[in-house]
Amino acid sequence: MSLNMLVLVKQVPDTQNVTGEAMRPDGTVNRDALPAIFNPEDLNALEEALKIKDRLGGVVTAMSMGPPKAADVVKECLYRGADKGILVSDRGFAGSDTLATSYALTCAITRLSGFDLVFCGRQAIDGDTAQVGPQVAEKLGVNQLTCVADILDISRDRIVVKRQIENGYEKLAASLPVLLTVTSEANEPRSANAKRVMGFKRIVCCEDAEGTDCWPCEPIEHIKQWDIQAIAADAERCGFSGSATWVKKIDNVVLTARETKGIENSEPGISGLINELMEEHII
Amino acid sequence: MSNFFDDNPDIRFHLETMDLRRVVDLKEDGYAEKETFPFAPVDCADALENYEHVLRIVGEIAGEFVAPRARDVDREGARLENGRVSYARGTREALERLAQADLMGFTLPRKYGGINIPKTVYSMATEIVSRADAALMNLFGLQEIADTISKFGSEEQREKYLPRFCSGEASGAMALTEPDAGSDLQAVRLKAVQGEDGQWRLDGVKRFITNGCADISLVMARSEAGSSSGRGLSLFIYERDERMTIRRIENKLGIHGSPTCEMQFNQAPAELLGQRKMGLIKYTMSLMNGARLGVAAQAVGIAEAAYRAAAKYADERIQFKKPIRQFCAVSELLTDMKVEIEACRTLLYETSRIVDLKEGLEERQEKHPEHKKDLKADLKKYTRYASLLTPMIKARASESANSISYKALQIHGGVGYTKDFDVERFVRDARITNIYEGTTQLQVVAAIGGVMTGAAGEILDEYERDHDLGGVSELADRGRTLRARLEQAVDLVKAERDHVFQELHASRLVEMATDAVMAFLLCADSLQSERKQSVADVFLQGADLRTQANLAYIGSRKRTLLEDQEAILDDES
């Protein structure tokens with residue numbers, strides 16, 4: 001059994017380690033002030049794909065949409081075991097919301113000659129929308145399994161997963177092809193492989209205007225870079241013009257720690273705390 | 001994200017400033033493999049870049065994966081149940097992860113699945129792993145076993161065993177020690193008998209064998225019946241089967257993650273490695289020297305972990321309304337710890353570099369016999385240096401790991417004595433480093449010959465030639481004073497013409513030589529970094545006092561200790 005697997009990955013600002021001024025006065029993110037990292041749950045998604053490849057064989061292609069620098073996360077996928085890399089990049093994608101992003105990604109995915117599985121992280125730590133994966137599945141017209149915490153079984157045409165829901169899990173089965181969004185609970189992603197890092201450290205993007213098929217698995221020399229033309233997308237549906245939402249205003253919220261308050265570990269102490277939280281409409 | 005390479009400026013300093021050109025050239029032999037292996041370097045700069053990448057992976061695995069599991073590994077330990085040894089869960093997972101990253105064939109040739117990286121970088125990796133979990137080093141650091149097969153085995157043996165080590169499928173052990181043959185390996189009794197069918201079979205007991213449960217062990221055995229010396233011993237490759245049983249594993253003070261086994265061989269089939277009778281004198285000495293370097297790296301790693309724990313605690317612990325680091329008594333301890341770690345590290349990497357040169361030249365001679373003559377003098381020189389520096393750094397780093405972890409616990413005060421903090425583990429783990437692979441006392445025996453015949457002086461002459469120490473002339477002069485005292489002490493001992501007198505002062509002479517070599521290395525480091533000048537300054541201050549005291553004692557020519565010891569020890573009389 002050899003499966004064609006695609007992993008969608010995103011480069012995001014490291015919101016855990018904010019340095020300098022994170023937001024510009026105009027309300028956009030100042031990417032220079034934030035180190036760019038691999039969106040954490042996308043690493044979990046990649047790991048699930050690589051685990052299936054280790055067990056059953058197959059080809060794993062990593063795809064990212066973003067500025068040229070986003071090639072770094074595609075490269076990181078190669079370091080960890082992906083067979084191919086594609087960067088979907090065009091100035092025309094700037095300002096994309098989830099609608100425009102999922103449209104562009106769908107156009108790119110349809111350049112591939114079919115797939116069995118598409119893996120995404122549940123959500124990116126910058127926008128926290130968790131919408132792109134499901135929207136891509138809708139546009140591709142395939143099944144989707146979101147918030148996957150474990151893959152319990154997989155065969156040529158069927159997959160069974162454990163899905164994280166509020167207060168528990170549910171077990172779901174779906175036929176392939178399918179798109180999965182994966183949570184951090186699913187695994188602890190593997191490290192980069194020494195041989196692959198040494199071998200791929202100089203790999204660069206190479207524009208591929210044709211948007212040629214990417215499945216065959218010969219040794220790769222480049223990360224393919226596809227622009228709007230290569231993925232045969234309608235420029236009107238990309239970037240700002242293709243977005244249904246715009247950021248009107250962003251407020252800087254400065255979280256300040258106030259003085260701590262000791263609560264006595266007793267019946268009255270705890271009920272006092274609960275009452276206070278209710279009064280503040282926190283619970 | 002915690003990365004034990006990226007967060008360690010001193011390791012990065014050495015990787016960036018060391019002159020590894022010849023090491024790399026020898027290891028890569030014309031960069032011929034760049035056509036065959038996509039990950040092979042195309043030139044020296046490319047190779048150095050590879051080393052950095054690989055260390056970053058090791059650093060990430062150590063920081064993110066190994067270190068968070070180390071406390072559980074220590075508590076759970078390795079276990080023996082129904083004759084089967086199982087590692088602690090964290091150990092198993094860490095080994096899987098290291099294998100998945102292709103780090104288990106670190107120094108081995110690419111054609112067997114290795115990544116062909118020099119020992120110098122392997123020492124850095126070993127140190128990084130040991131900082132995260134000293135016990136894991138005993139498994140990660142066992143790559144020397146595969147290396148020994150690579151160096152001395154037949155091509156058939158290399159093809160049979162090495163790929164399995166590289167993939168992580170097989171683990172290794174070196175089975176040397178026996179109940180009555182510890183420091184004195186010439187007394188090994190385990191029998192190897194060759195049957196009429198040509199098959200060798202092993203009979204007897206090995207004790208204190210790290211990872212004796214391994215898939216593939218190198219076993220030293222008496223192949224020459226009736227012999228009693230080291231020349232009757234050969235080395236065998238034994239693949240685990242039902243003819244060897246693990247009788248027990250030791251209940252140890254530290255390194256709980258590493259199983260220490262007693263192995264009973266019962267007509268167990270084995271293959272001869274290399275030539276008969278060369279087991280101890282050639283192969284085991286090579287194996288042990290590699291392992292000693294590994295233990296030195298382990299010691300530096302533990303010391304680094306202990307120092308960091310202490311530094312963090314000293315910042316966080318408030319007493320008398322200020323962090324205790326602000327008290328001189330604490331900051332002095334921290335400074336001494338840090339200086340000694342950096343002194344050990346510079347000597348560790350320098351020793352590794354010399355070993356790389358020695359082994360690289362040996363390999364070059366084997367591959368290109370036409371160059372044998374040209375390489376002979378250099379090989380002789382680096383062999384001489386390696387046999388001095390290896391025991392020297394093993395002795396110094398392991399003793400220092402003990403004193404540094406002791407100080408780290410002291411800084412923690414009462415909580416350091418509890419299992420709530422990691423520092424008690426560092427103290428326990430450090431304690432084995434100056435015992436196994438030869439006690440410190442045996443390292444002194446191994447190093448004293450080189451000290452008495454002036455090998456340390458030759459090394460220092462070379463540093464004087466290779467570096468223009470004019471930029472740090474004040475420091476260099478203080479280093480030269482240490483050297484002068486060492487030479488004076490050696491002359492004094494020689495003049496006594498008394499073997500017992502030399503034995504009495506051997507540890508002091510080796511310490512003086514170690515201080516002198518470290519001082520010069522720190523001076524050379526100081527040419528590259530202003531901060532290192534401060535490190536060298538403080539180091540020299542301590543070394544100055546030590547060498548003065550050592551010289552005064554040797555110079556007194558007193559034999560008081562020898563003369564009075566009987567009376568003192570026999571308090572019944």
# chains A, B, ... in the order shown; residues from 1 in each chain; ligands from 1
call {"tool": "residues_around", "arguments": {"residues": "A:Gly211", "least_positions_apart": "2", "cutoff": "7 Å", "atoms": "only C-alpha atoms", "output": "count of residues only"}}
result
7
call {"tool": "residues_around", "arguments": {"residues": "stretch 238-252 of chain B", "least_positions_apart": "2", "cutoff": "10 Å", "atoms": "only C-alpha atoms", "output": "number ranges by chain"}}
result
B: 77-85, 161, 170, 172-173, 175, 200-219, 235-236, 254-256, 258-273, 428-429, 432
call {"tool": "write_last_selection", "arguments": {"atoms": "C-alpha atoms", "output": "PDB file, in the first residue's frame"}}
result
ATOM      1  CA  GLY B  77      16.246   2.575  36.166  1.00  0.00           C
ATOM      2  CA  ALA B  78      17.058  -0.430  34.032  1.00  0.00           C
ATOM      3  CA  ARG B  79      15.569  -3.706  35.237  1.00  0.00           C
ATOM      4  CA  LEU B  80      16.299  -7.402  35.042  1.00  0.00           C
ATOM      5  CA  GLU B  81      13.285  -9.678  34.881  1.00  0.00           C
ATOM      6  CA  ASN B  82      13.415 -13.355  33.920  1.00  0.00           C
ATOM      7  CA  GLY B  83      16.865 -12.982  32.453  1.00  0.00           C
ATOM      8  CA  ARG B  84      15.827 -10.050  30.260  1.00  0.00           C
ATOM      9  CA  VAL B  85      17.109  -6.546  30.789  1.00  0.00           C
ATOM     10  CA  TYR B 161      27.631  -5.606  11.963  1.00  0.00           C
ATOM     11  CA  ALA B 170      21.762  -3.264  17.426  1.00  0.00           C
ATOM     12  CA  GLY B 172      26.856  -2.749  21.774  1.00  0.00           C
ATOM     13  CA  ALA B 173      28.850  -3.634  24.856  1.00  0.00           C
ATOM     14  CA  ALA B 175      32.941  -7.037  27.963  1.00  0.00           C
ATOM     15  CA  TRP B 200      35.297 -20.179  18.722  1.00  0.00           C
ATOM     16  CA  ARG B 201      33.289 -20.691  21.903  1.00  0.00           C
ATOM     17  CA  LEU B 202      33.345 -18.607  25.090  1.00  0.00           C
ATOM     18  CA  ASP B 203      33.087 -19.893  28.651  1.00  0.00           C
ATOM     19  CA  GLY B 204      33.187 -17.887  31.839  1.00  0.00           C
ATOM     20  CA  VAL B 205      31.945 -14.795  33.613  1.00  0.00           C
ATOM     21  CA  LYS B 206      32.165 -11.070  32.905  1.00  0.00           C
ATOM     22  CA  ARG B 207      31.200  -8.548  35.529  1.00  0.00           C
ATOM     23  CA  PHE B 208      30.379  -4.836  35.683  1.00  0.00           C
ATOM     24  CA  ILE B 209      29.594  -4.779  31.967  1.00  0.00           C
ATOM     25  CA  THR B 210      27.789  -1.644  30.865  1.00  0.00           C
ATOM     26  CA  ASN B 211      24.892  -2.731  28.659  1.00  0.00           C
ATOM     27  CA  GLY B 212      26.025  -6.386  28.841  1.00  0.00           C
ATOM     28  CA  CYS B 213      22.560  -7.204  27.515  1.00  0.00           C
ATOM     29  CA  ALA B 214      23.571  -5.705  24.139  1.00  0.00           C
ATOM     30  CA  ASP B 215      22.901  -7.418  20.825  1.00  0.00           C
ATOM     31  CA  ILE B 216      26.585  -7.343  19.945  1.00  0.00           C
ATOM     32  CA  SER B 217      29.412  -7.463  22.475  1.00  0.00           C
ATOM     33  CA  LEU B 218      33.152  -7.315  22.158  1.00  0.00           C
ATOM     34  CA  VAL B 219      34.433  -9.888  24.628  1.00  0.00           C
ATOM     35  CA  LEU B 235      39.017  -9.985  21.354  1.00  0.00           C
ATOM     36  CA  PHE B 236      35.817 -11.618  20.091  1.00  0.00           C
ATOM     37  CA  GLY B 254      24.058   6.534  39.945  1.00  0.00           C
ATOM     38  CA  ILE B 255      23.640   6.237  36.163  1.00  0.00           C
ATOM     39  CA  HIS B 256      20.543   4.154  36.857  1.00  0.00           C
ATOM     40  CA  SER B 258      22.507   2.269  32.208  1.00  0.00           C
ATOM     41  CA  PRO B 259      22.308  -1.459  33.041  1.00  0.00           C
ATOM     42  CA  THR B 260      25.531  -2.879  34.518  1.00  0.00           C
ATOM     43  CA  CYS B 261      25.429  -6.607  33.891  1.00  0.00           C
ATOM     44  CA  GLU B 262      27.022  -9.813  35.037  1.00  0.00           C
ATOM     45  CA  MET B 263      27.271 -12.116  32.041  1.00  0.00           C
ATOM     46  CA  GLN B 264      27.651 -15.878  32.186  1.00  0.00           C
ATOM     47  CA  PHE B 265      28.941 -17.396  28.939  1.00  0.00           C
ATOM     48  CA  ASN B 266      28.254 -21.046  28.407  1.00  0.00           C
ATOM     49  CA  GLN B 267      29.890 -22.369  25.233  1.00  0.00           C
ATOM     50  CA  ALA B 268      28.719 -19.196  23.510  1.00  0.00           C
ATOM     51  CA  PRO B 269      29.761 -18.984  19.849  1.00  0.00           C
ATOM     52  CA  ALA B 270      31.854 -15.948  18.899  1.00  0.00           C
ATOM     53  CA  GLU B 271      33.975 -14.581  16.072  1.00  0.00           C
ATOM     54  CA  LEU B 272      37.598 -13.574  16.446  1.00  0.00           C
ATOM     55  CA  LEU B 273      38.182  -9.872  15.820  1.00  0.00           C
ATOM     56  CA  ARG B 428      25.677  10.448  42.078  1.00  0.00           C
ATOM     57  CA  ASP B 429      26.198  10.251  38.322  1.00  0.00           C
ATOM     58  CA  ILE B 432      31.360   6.832  38.499  1.00  0.00           C
TER      59      ILE B 432
END
call {"tool": "residues_around", "arguments": {"residues": "B:Met278", "least_positions_apart": "4", "cutoff": "10 Å", "atoms": "only C-alpha atoms", "output": "ChimeraX atom specification"}}
result
/B:230-235,273-274,282-285
call {"tool": "closest_atom_pairs", "arguments": {"of": "chain B", "to": "chain A", "cutoff": "7 Å", "atoms": "only C-alpha atoms", "output": "tab-separated table"}}
result
residue	atom	partner	partner_atom	distance
B:Pro38	CA	A:Gly199	CA	5.2
B:Phe39	CA	A:Gly199	CA	3.9
B:Asn50	CA	A:Met198	CA	5.6
B:Val54	CA	A:Ala194	CA	5.6
B:Ile57	CA	A:Ala192	CA	6.5
B:Ile61	CA	A:Ser191	CA	6.9
B:Gln100	CA	A:Asn193	CA	6.8
B:Ala101	CA	A:Asn193	CA	4.0
B:Asp102	CA	A:Ala194	CA	5.7
B:Leu103	CA	A:Ala194	CA	6.8
call {"tool": "residues_around", "arguments": {"residues": "A:Val88", "least_positions_apart": "2", "cutoff": "9 Å", "atoms": "only C-alpha atoms", "output": "PyMOL selection string"}}
result
chain A and resi 63-68+86+90+104-105+108+224-228+231
call {"tool": "write_last_selection", "arguments": {"atoms": "N, CA and C atoms", "output": "compact mmCIF listing (two decimals), in the first residue's frame"}}
result
# COMPACT_ATOMS: atom_id res chain seq x y z
N MET A 63 3.56 21.28 1.63
CA MET A 63 3.20 22.48 0.88
C MET A 63 2.96 23.62 1.86
N SER A 64 3.50 24.78 1.51
CA SER A 64 3.23 25.94 2.34
C SER A 64 2.87 27.13 1.45
N MET A 65 2.00 27.98 1.93
CA MET A 65 1.72 29.22 1.21
C MET A 65 2.26 30.36 2.06
N GLY A 66 3.00 31.24 1.43
CA GLY A 66 3.57 32.34 2.21
C GLY A 66 4.64 33.05 1.43
N PRO A 67 5.29 34.01 2.07
CA PRO A 67 6.37 34.75 1.41
C PRO A 67 7.57 33.82 1.16
N PRO A 68 8.54 34.26 0.34
CA PRO A 68 9.68 33.37 0.03
C PRO A 68 10.33 32.75 1.27
N ILE A 86 6.74 22.03 -1.81
CA ILE A 86 6.19 23.04 -2.71
C ILE A 86 5.93 24.31 -1.91
N ASP A 90 3.26 34.24 -4.00
CA ASP A 90 3.00 35.27 -5.01
C ASP A 90 2.61 36.53 -4.25
N ALA A 104 -6.57 29.45 -2.67
CA ALA A 104 -5.26 29.31 -3.32
C ALA A 104 -4.69 27.91 -3.08
N LEU A 105 -4.79 27.44 -1.85
CA LEU A 105 -4.26 26.11 -1.55
C LEU A 105 -5.00 25.03 -2.33
N ALA A 108 -3.74 24.93 -5.74
CA ALA A 108 -2.42 24.27 -5.78
C ALA A 108 -2.58 22.76 -5.66
N LYS A 224 9.73 23.25 -5.22
CA LYS A 224 9.02 23.89 -6.33
C LYS A 224 8.32 25.15 -5.82
N GLN A 225 8.43 26.21 -6.57
CA GLN A 225 7.73 27.43 -6.18
C GLN A 225 6.66 27.74 -7.21
N TRP A 226 5.44 27.79 -6.76
CA TRP A 226 4.31 28.02 -7.65
C TRP A 226 3.71 29.40 -7.37
N ASP A 227 3.45 30.14 -8.44
CA ASP A 227 2.77 31.43 -8.26
C ASP A 227 1.31 31.31 -8.71
N ILE A 228 0.62 32.43 -8.75
CA ILE A 228 -0.82 32.40 -9.08
C ILE A 228 -1.06 31.71 -10.42
N ILE A 231 -0.63 27.84 -10.42
CA ILE A 231 -1.72 27.05 -9.83
C ILE A 231 -3.05 27.36 -10.53
call {"tool": "select_by_dssp", "arguments": {"residues": "stretch 204-320 of chain B", "states": "alpha helix (DSSP H)", "output": "ChimeraX atom specification"}}
result
/B:285-316
call {"tool": "select_by_dssp", "arguments": {"residues": "stretch 98-276 of chain A", "states": "strand (DSSP E)", "output": "JSON, numbers by chain"}}
result
{"A": [117, 118, 119, 120, 121, 143, 144, 145, 146, 147, 148, 149, 150, 151, 152, 153, 154, 158, 159, 160, 161, 162, 163, 164, 165, 168, 169, 170, 171, 172, 173, 174, 175, 178, 179, 180, 181, 182, 204, 205, 206, 207, 222, 223, 224, 225, 226]}
call {"tool": "write_last_selection", "arguments": {"atoms": "N, CA and C atoms", "output": "CSV table (one decimal), in the first residue's frame"}}
result
chain,number,residue,atom,x,y,z
A,117,LEU,N,-4.5,11.5,1.3
A,117,LEU,CA,-4.6,12.1,2.6
A,117,LEU,C,-4.0,13.5,2.5
A,118,VAL,N,-4.8,14.5,3.1
A,118,VAL,CA,-4.2,15.8,3.3
A,118,VAL,C,-4.1,16.0,4.8
A,119,PHE,N,-3.0,16.4,5.3
A,119,PHE,CA,-2.8,16.7,6.8
A,119,PHE,C,-2.6,18.2,7.0
A,120,CYS,N,-3.3,18.7,8.0
A,120,CYS,CA,-3.1,20.1,8.4
A,120,CYS,C,-3.0,20.1,9.9
A,121,GLY,N,-2.3,21.1,10.5
A,121,GLY,CA,-2.4,21.3,11.9
A,121,GLY,C,-3.8,21.8,12.2
A,143,ASN,N,-13.9,14.4,2.3
A,143,ASN,CA,-14.2,14.2,3.8
A,143,ASN,C,-13.2,15.0,4.6
A,144,GLN,N,-13.7,15.4,5.8
A,144,GLN,CA,-12.7,16.0,6.7
A,144,GLN,C,-12.9,15.5,8.1
A,145,LEU,N,-11.8,15.3,8.7
A,145,LEU,CA,-11.8,14.8,10.1
A,145,LEU,C,-10.9,15.9,10.9
A,146,THR,N,-11.6,16.7,11.7
A,146,THR,CA,-10.9,17.7,12.4
A,146,THR,C,-10.5,17.3,13.8
A,147,CYS,N,-9.5,18.0,14.4
A,147,CYS,CA,-9.1,17.8,15.8
A,147,CYS,C,-8.7,16.3,16.0
A,148,VAL,N,-7.9,15.8,15.1
A,148,VAL,CA,-7.5,14.4,15.3
A,148,VAL,C,-6.4,14.2,16.4
A,149,ALA,N,-6.7,13.4,17.4
A,149,ALA,CA,-5.7,13.2,18.4
A,149,ALA,C,-5.0,11.9,18.2
A,150,ASP,N,-5.5,11.0,17.4
A,150,ASP,CA,-4.8,9.7,17.1
A,150,ASP,C,-5.4,9.1,15.9
A,151,ILE,N,-4.5,8.4,15.1
A,151,ILE,CA,-5.0,7.7,14.0
A,151,ILE,C,-5.0,6.2,14.4
A,152,LEU,N,-6.2,5.6,14.5
A,152,LEU,CA,-6.4,4.3,15.1
A,152,LEU,C,-6.1,3.2,14.1
A,153,ASP,N,-6.6,3.5,12.8
A,153,ASP,CA,-6.4,2.4,11.8
A,153,ASP,C,-6.4,3.1,10.4
A,154,ILE,N,-5.7,2.5,9.5
A,154,ILE,CA,-5.7,3.1,8.2
A,154,ILE,C,-5.6,2.0,7.2
A,158,ARG,N,-9.9,3.5,3.8
A,158,ARG,CA,-10.6,3.9,5.0
A,158,ARG,C,-9.7,4.3,6.1
A,159,ILE,N,-10.1,5.2,6.9
A,159,ILE,CA,-9.3,5.7,8.1
A,159,ILE,C,-10.2,5.8,9.3
A,160,VAL,N,-9.7,5.4,10.5
A,160,VAL,CA,-10.4,5.5,11.7
A,160,VAL,C,-9.6,6.4,12.7
A,161,VAL,N,-10.2,7.4,13.2
A,161,VAL,CA,-9.4,8.3,14.1
A,161,VAL,C,-10.1,8.5,15.4
A,162,LYS,N,-9.3,9.0,16.3
A,162,LYS,CA,-9.9,9.5,17.6
A,162,LYS,C,-9.9,11.0,17.5
A,163,ARG,N,-11.1,11.5,17.7
A,163,ARG,CA,-11.2,13.0,17.5
A,163,ARG,C,-11.5,13.6,18.9
A,164,GLN,N,-10.7,14.7,19.1
A,164,GLN,CA,-10.9,15.4,20.3
A,164,GLN,C,-12.1,16.3,20.3
A,165,ILE,N,-13.0,16.1,21.3
A,165,ILE,CA,-14.2,17.0,21.4
A,165,ILE,C,-14.2,17.5,22.8
A,168,GLY,N,-14.0,15.2,26.0
A,168,GLY,CA,-13.8,13.8,25.7
A,168,GLY,C,-13.4,13.6,24.2
A,169,TYR,N,-13.6,12.4,23.7
A,169,TYR,CA,-13.2,12.0,22.4
A,169,TYR,C,-14.3,11.3,21.7
A,170,GLU,N,-14.3,11.3,20.4
A,170,GLU,CA,-15.2,10.4,19.6
A,170,GLU,C,-14.3,9.7,18.6
A,171,LYS,N,-14.8,8.5,18.2
A,171,LYS,CA,-14.1,7.7,17.3
A,171,LYS,C,-14.8,7.8,15.9
A,172,LEU,N,-14.1,8.2,14.9
A,172,LEU,CA,-14.8,8.4,13.6
A,172,LEU,C,-14.1,7.6,12.5
A,173,ALA,N,-14.8,7.2,11.5
A,173,ALA,CA,-14.3,6.5,10.4
A,173,ALA,C,-14.6,7.4,9.1
A,174,ALA,N,-13.8,7.4,8.2
A,174,ALA,CA,-14.1,8.1,6.9
A,174,ALA,C,-13.4,7.3,5.8
A,175,SER,N,-14.0,7.5,4.6
A,175,SER,CA,-13.3,6.9,3.4
A,175,SER,C,-12.3,7.9,2.9
A,178,VAL,N,-9.2,12.0,2.2
A,178,VAL,CA,-9.7,12.7,3.4
A,178,VAL,C,-8.7,13.8,3.8
A,179,LEU,N,-9.2,14.8,4.4
A,179,LEU,CA,-8.4,15.8,5.0
A,179,LEU,C,-8.5,15.8,6.5
A,180,LEU,N,-7.3,15.8,7.2
A,180,LEU,CA,-7.3,15.7,8.6
A,180,LEU,C,-6.7,16.9,9.2
A,181,THR,N,-7.2,17.4,10.3
A,181,THR,CA,-6.5,18.4,11.0
A,181,THR,C,-6.1,17.8,12.4
A,182,VAL,N,-4.8,18.0,12.7
A,182,VAL,CA,-4.2,17.2,13.8
A,182,VAL,C,-3.9,18.1,15.0
A,204,VAL,N,17.1,25.0,-2.6
A,204,VAL,CA,16.5,26.3,-2.7
A,204,VAL,C,15.2,26.1,-3.6
A,205,CYS,N,14.4,27.2,-3.6
A,205,CYS,CA,13.2,27.2,-4.4
A,205,CYS,C,13.5,27.4,-5.8
A,206,CYS,N,12.8,26.8,-6.7
A,206,CYS,CA,12.9,27.0,-8.1
A,206,CYS,C,11.5,27.2,-8.7
A,207,GLU,N,11.4,28.3,-9.4
A,207,GLU,CA,10.1,28.6,-9.9
A,207,GLU,C,9.7,27.6,-10.9
A,222,HIS,N,15.1,20.6,-5.9
A,222,HIS,CA,14.6,22.0,-5.6
A,222,HIS,C,13.3,21.8,-4.8
A,223,ILE,N,12.9,22.9,-4.1
A,223,ILE,CA,11.6,23.1,-3.7
A,223,ILE,C,10.8,23.8,-4.8
A,224,LYS,N,9.7,23.2,-5.2
A,224,LYS,CA,9.0,23.9,-6.3
A,224,LYS,C,8.3,25.1,-5.8
A,225,GLN,N,8.4,26.2,-6.6
A,225,GLN,CA,7.7,27.4,-6.2
A,225,GLN,C,6.7,27.7,-7.2
A,226,TRP,N,5.4,27.8,-6.8
A,226,TRP,CA,4.3,28.0,-7.6
A,226,TRP,C,3.7,29.4,-7.4
call {"tool": "atom_distance", "arguments": {"atom1": "atom CA of B:Ser123", "atom2": "atom CA of B:Tyr349"}}
result
7.0 Å
call {"tool": "residues_around", "arguments": {"residues": "B:Ser387", "least_positions_apart": "2", "cutoff": "9 Å", "atoms": "only C-alpha atoms", "output": "MDAnalysis selection string"}}
result
chainID B and resid 289 355 382:385 389:392 446:447 450
call {"tool": "residues_around", "arguments": {"residues": "A:Ala235", "least_positions_apart": "6", "cutoff": "12 Å", "atoms": "only C-alpha atoms", "output": "list of chain:residue names"}}
result
A:Asp90, A:Arg91, A:Gly92, A:Phe93, A:Ala94, A:Ser96, A:Ala100, A:Thr101, A:Tyr103, A:Ala104, A:Cys107, A:Asp227, A:Ile228, A:Gln229, A:Ser241, A:Gly242, A:Ser243
call {"tool": "closest_residue", "arguments": {"among": "A:Gly95, A:Pro189, A:Gly114, A:Gly272", "to": "A:Gly239", "atoms": "only C-alpha atoms"}}
result
A:Gly95
call {"tool": "atom_distance", "arguments": {"atom1": "atom CA of B:Lys34", "atom2": "atom CA of B:Glu60"}}
result
26.9 Å
call {"tool": "atom_distance", "arguments": {"atom1": "atom CA of A:Leu46", "atom2": "atom CA of B:Gly168"}}
result
22.8 Å
